[in-house]
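Undergrad: Can you read through this structure? Questions will come right after.
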Amino acid sequence: MKVTFIGTGTMGCTTRCNTSVLVDDILFDIGMGTVKQIERLKIYTKPINYLVISHFHADHFLDIPNLLIGRGIRKEIENKLIIIGPIGTRNNTVKLMNFTHGDGDDHKYDNIEEKYNVKFIELQNEEQYKTEKFKITALTLKHGECIPINGYILEKDNKVLSYACDTSFCDNYYNMCSESDYMLSDVTGLKTTDMHVGLEEYKELYKEYPKCEFYAIHRADYNAESISGVEFPNDGEVLEI
C-alpha cells in the first residue's frame with residue numbers, strides 16, 4: 001500500500017492542511033481545501049476511485065462539491081467513484097451540492113449518481129464493504145455529541161490499517177489498535193478531551209499494542225518532539241507499506 005498524507009492538521013491549524021489520507025486509490029476524508037491540496041501535490045483526482053467519509057463536520061466533508069465538479073470539468077468521470085460513509089452520506093452530499101451549486105433549484109442534484117457517475121455506500125457499526133482487493137469495516141467512534149461518526153479498518157495487501165479521525169478513546173478505538181498493523185489517529189492536542197485523543201495518553205499506546213505502528217494525524221499547532229512509538233507525518237509525506 002502507498003499511503004500519502006494529503007493533510008495532517010486540524011480546523012484552524014496554521015501549519016498544515018485539514019486531515020486527509022490517500023491509500024492507493026482510496027481517499028479518507030475531504031474537508032475544505034483538500035482538493036486544492038491534492039492538486040498542489042500533483043496527484044489530481046483521476047486516480048481516486050473510493051472516497052471514505054468519517055463524519056459531516058466541515059473539515060472532513062466540505063470539499064465534496066469541488067471533487068465532483070472538478071472531475072466533471074476534467075472529464076474524469078468515466079470511472080465510477082464509490083463514496084463510503086455513515087448513514088446520511090448521500091442525503092448530506094446532495095444537500096451540500098444544492099447549497100453550493102444548486103442555483104436555487106433544490107432538485108438539481110436528485111440524479112447525482114448518474115450526473116457524476118458515483119455510488120453511495122452507507123455503513124453502520126461493524127458493517128463492511130468488500131472488493132476483490134480490499135475490505136473496509138466501519139466502527140462507530142466517540143466525538144463529543146457528533147452522531148454519526150465512523151472510523152475504518154482497511155484490510156489490503158495482507159496489511160491492516162485503521163483510520164480514526166476525529167475521536168476520543170472508546171472501545172472501538174482500542175479494538176482498532178488491537179487489530180491493526182498501522183493506526184492513523186486523531187491526536188489533536190496534548191490532553192484528551194471528550195472530542196479528541198491527546199498526545200499524553202496516545203504516546204503510551206505502543207506499549208500495550210506493540211505490533212501496531214502509530215501515526216499522529218489531525219494535529220493542532222503544538223510542537224511534537226521525537227517520541228518513541230509515535231510517528232508525526234507532515235503534509236505530502238508518503239509511507240510505503
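Ligands are numbered from 1 in the order shown, chains are lettered A, B, ... in the order of the C-alpha cells, and residues start at 1 in each chain.
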DSSP says strand (DSSP E) for which residues of region 22-189 of chain A? Put them as a PyMOL selection string?
TA: chain A and resi 22-23+26-28+50-52+81-85+118-122+128-130+134-140+150-156+159-164+182-186
Undergrad: Any idea what's packed within 7 Å of region 94-108 of chain A, counting only C-alpha atoms, ignoring anything in its chain fewer than 3 positions away? Could you give it as a tab-separated table (two decimals) with C-alpha atoms, in the first residue's frame?
TA:
chain	number	residue	atom	x	y	z
A	65	PRO	CA	-18.60	19.56	-4.40
A	90	ARG	CA	-25.92	10.62	0.17
A	91	ASN	CA	-28.53	12.96	1.61
Undergrad: I want to know what sits within 7 Å of Lys119 (chain A), based on only C-alpha atoms, with residues of the same chain fewer than 5 positions away left out; could you give that as a VMD selection string?
TA: chain A and resid 81 to 83 113
Undergrad: Those residues with C-alpha atoms, as a PDB file, in the first residue's frame please?
TA:
ATOM      1  CA  LEU A  81     -16.479   6.887  -7.786  1.00  0.00           C
ATOM      2  CA  ILE A  82     -17.619   4.888  -4.752  1.00  0.00           C
ATOM      3  CA  ILE A  83     -18.443   7.157  -1.789  1.00  0.00           C
ATOM      4  CA  GLU A 113     -25.427   9.155  -9.225  1.00  0.00           C
TER       5      GLU A 113
END
Undergrad: Near region 133-146 of chain A, counting only C-alpha atoms, which residues have an atom at most 8 Å away, once you skip same-chain residues fewer than 2 positions from it, shown as a PyMOL selection string?
TA: chain A and resi 123-131+148-157+164+166-170+172-173+194-196
Undergrad: Which residue, A:Ser20, A:Asn158, A:Ser54, A:Thr10, has the smallest gap to Val187 (chain A) when you use only C-alpha atoms?
TA: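 Smallest distance to Val187 (chain A) is found for A:Thr10.
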Undergrad: Taking into account only C-alpha atoms, which residue in the set A:Val52, A:Leu41, A:Ile30, A:Ala216 is nearest to Asn66 (chain A)?
TA: A:Ile30
Undergrad: May I have all residues of region 2-159 of chain A that DSSP, computed from the backbone, assigns to alpha helix (DSSP H), given as number ranges by chain?
TA: A: 34-40, 58-61, 64-73, 89-101, 112-116
Undergrad: What gap, in Å, lies between CA of Glu122 (chain A) and CA of Glu76 (chain A)?
TA: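 Answer for the CA of Glu122 (chain A) to CA of Glu76 (chain A) separation: 23.5 Å.
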